[in-house]
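Quick notes on the structure that follows.
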Amino acid sequence: THQWRGLIEEYRDRLPVSDATPVVTLLEGGTPLVPAQVLSERTGCEVYLKVEGANPTGSFKDRGMTMAISKAKEEGAQAVICASTGNTSASAAAYAVRAGMVPAVLVPQGKIALGKMGQAIVHGARILQVEGNFDDCLTLARDLSDKYPVALVNSVNPVRIEGQKTAAFEIVDMLGDAPDIHILPVGNAGNITAYWRGYREYAADGLSTRKPQMWGFQAAGAAPIVDGAPVLKPETLATAIRIGNPASWDFAVAARDESGGLIDKVTDRQILSAYRLLASQEGVFVEPSSAAGVAGLLAKAEAGLVDPGQRIVCTVTGNGLKDPDWAVAGAPQRPDIVPVDAEAAAHRLGLLD
Ligand code: F0G
């Protein structure tokens, strides 16, 4: 009887829903805010991880999707479409079939993680691999939703942002106030927009005494906001944020400037190193893109740019199981093969030394 009810029911009075809205939910939200011991030690701060990979389809996209699909159903849509680097499509597919709608997804050919493709397939989405990147997929999805009877559920759909802002509410509800700094990866820039909206709303209503600085990090090969111009051929191993022309660019810049924060970039090497640290020392397995924020925090701390004693929340956006190739590829050695023999096994495990 005390189960979390999903974010629409938990935050109903702060979301654009009414009694006429059919709530399509997989009980998303209510994700763990895990104290990060090693990151806290390294920075001298009190660092938390908001583990969004714990959502039903394994990423923060479920927060926006419960809203987008519920509203699409309210409006009578029978089919939905999205462009995606993989997580939005996995989420859209799951929520659409739950609502009895047909999901269509457009993904960049050959550039989405296998786990995410598997999700779209198993949920029964109609999948097109587009000969282009994410930005091309989004252009195509917008065009299709303009011309044909299919509802667009990308984060250019404003109710997506409304759903995603609830993550900021949860953090303030849990900590008793907003943190000093909130850090997250930036791709299409919907999530940084959503968190900033959530923090602003709580502060305006007196539910927090302050707002955090927003720190966003892009991948170096796909950093249009940092570089100040669209990137025509974005490249990064962090495929979820391989985006050259973010739809919410202006909102991200506003979040940065209004909060006194920053948007910077991290290299693929820094991303992988943070990815391994999170898994091997914090016990939290995220997908590479999700580690971009943590990589940014570590880089800023090493440069002496993080004052100790602050409270910092890093959103880790997606589950590591979505893209396990990077875990396996980076393994120092393949697991040994042993006979069913305790002494042999103990020897290989180094227990005899
Ligand atoms: N982290 C993950 C795991 C993502 O999947 C995304 C975006 C981001 C970070 C960046 O968030 O776009 O709001 O700035 N994924 C989208 C998708 C583009 O299609 O799944 P953003």
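Residue numbering restarts at 1 in every chain; chains get A, B, ... in the order shown in the structure tokens, and ligands count up from 1 in that same order.
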Nearby residues, ligand 1, 7 Å, only C-alpha atoms and all ligand atoms, as an MDAnalysis selection string:
chainID A and resid 59 61 83:89 185:192 240:241 287 289:290 317:318
Can you tell me, as JSON, numbers by chain, which residues in stretch 118-303 of chain A count as strand (DSSP E or B) by DSSP?
{"A": [126, 127, 128, 129, 130, 151, 152, 181, 182, 183, 184, 185, 213, 214, 215, 216, 217, 218, 219, 222, 262, 263, 264, 265, 266, 286]}
Save out the residues we just selected, C-alpha atoms, as a CSV table (one decimal), in the first residue's frame.
```csv
chain,number,residue,atom,x,y,z
A,126,ARG,CA,8.1,0.2,-36.0
A,127,ILE,CA,11.8,1.1,-36.4
A,128,LEU,CA,13.5,2.9,-39.2
A,129,GLN,CA,17.2,3.3,-39.2
A,130,VAL,CA,17.8,6.7,-40.9
A,151,ALA,CA,2.0,12.5,-32.4
A,152,LEU,CA,5.6,13.7,-31.8
A,181,ILE,CA,25.5,22.3,-7.8
A,182,HIS,CA,23.5,20.0,-10.1
A,183,ILE,CA,25.6,18.2,-12.7
A,184,LEU,CA,24.3,16.3,-15.8
A,185,PRO,CA,25.2,15.3,-19.3
A,213,GLN,CA,24.2,26.1,-10.2
A,214,MET,CA,23.5,24.0,-13.3
A,215,TRP,CA,26.6,22.3,-14.7
A,216,GLY,CA,26.2,20.6,-18.0
A,217,PHE,CA,28.8,18.5,-19.9
A,218,GLN,CA,28.8,17.6,-23.6
A,219,ALA,CA,31.1,15.1,-25.3
A,222,ALA,CA,29.5,16.7,-30.0
A,262,LEU,CA,28.5,26.3,-16.8
A,263,ILE,CA,28.4,24.1,-19.8
A,264,ASP,CA,31.7,22.5,-20.8
A,265,LYS,CA,33.0,19.4,-22.6
A,266,VAL,CA,34.8,16.2,-21.7
A,286,VAL,CA,25.7,3.5,-15.9
```
Counting only C-alpha atoms, which residue out of A:Ala203, A:Ala220, A:Leu305, A:Leu278 sits closest to A:Pro179?
A:Ala203
Using only C-alpha atoms, find the one residue out of A:Gly163, A:Gly132, A:Gly260, A:Gly206 that sits nearest to A:Gly6.
A:Gly163
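Between atom CA of A:Ala279 and atom CA of A:Leu297 lies a distance of 16.2 Å.
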Which residue is closest to A:Pro324? Choose from A:Leu114, A:Ala346, A:Val306, A:Ile121 and count only C-alpha atoms.
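Of all the options, A:Leu114 lies closest to A:Pro324.
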If you run DSSP on the backbone, which residues of stretch 259-301 of chain A are alpha helix (DSSP H), as a ChimeraX atom specification?
/A:259,268-277,292-301
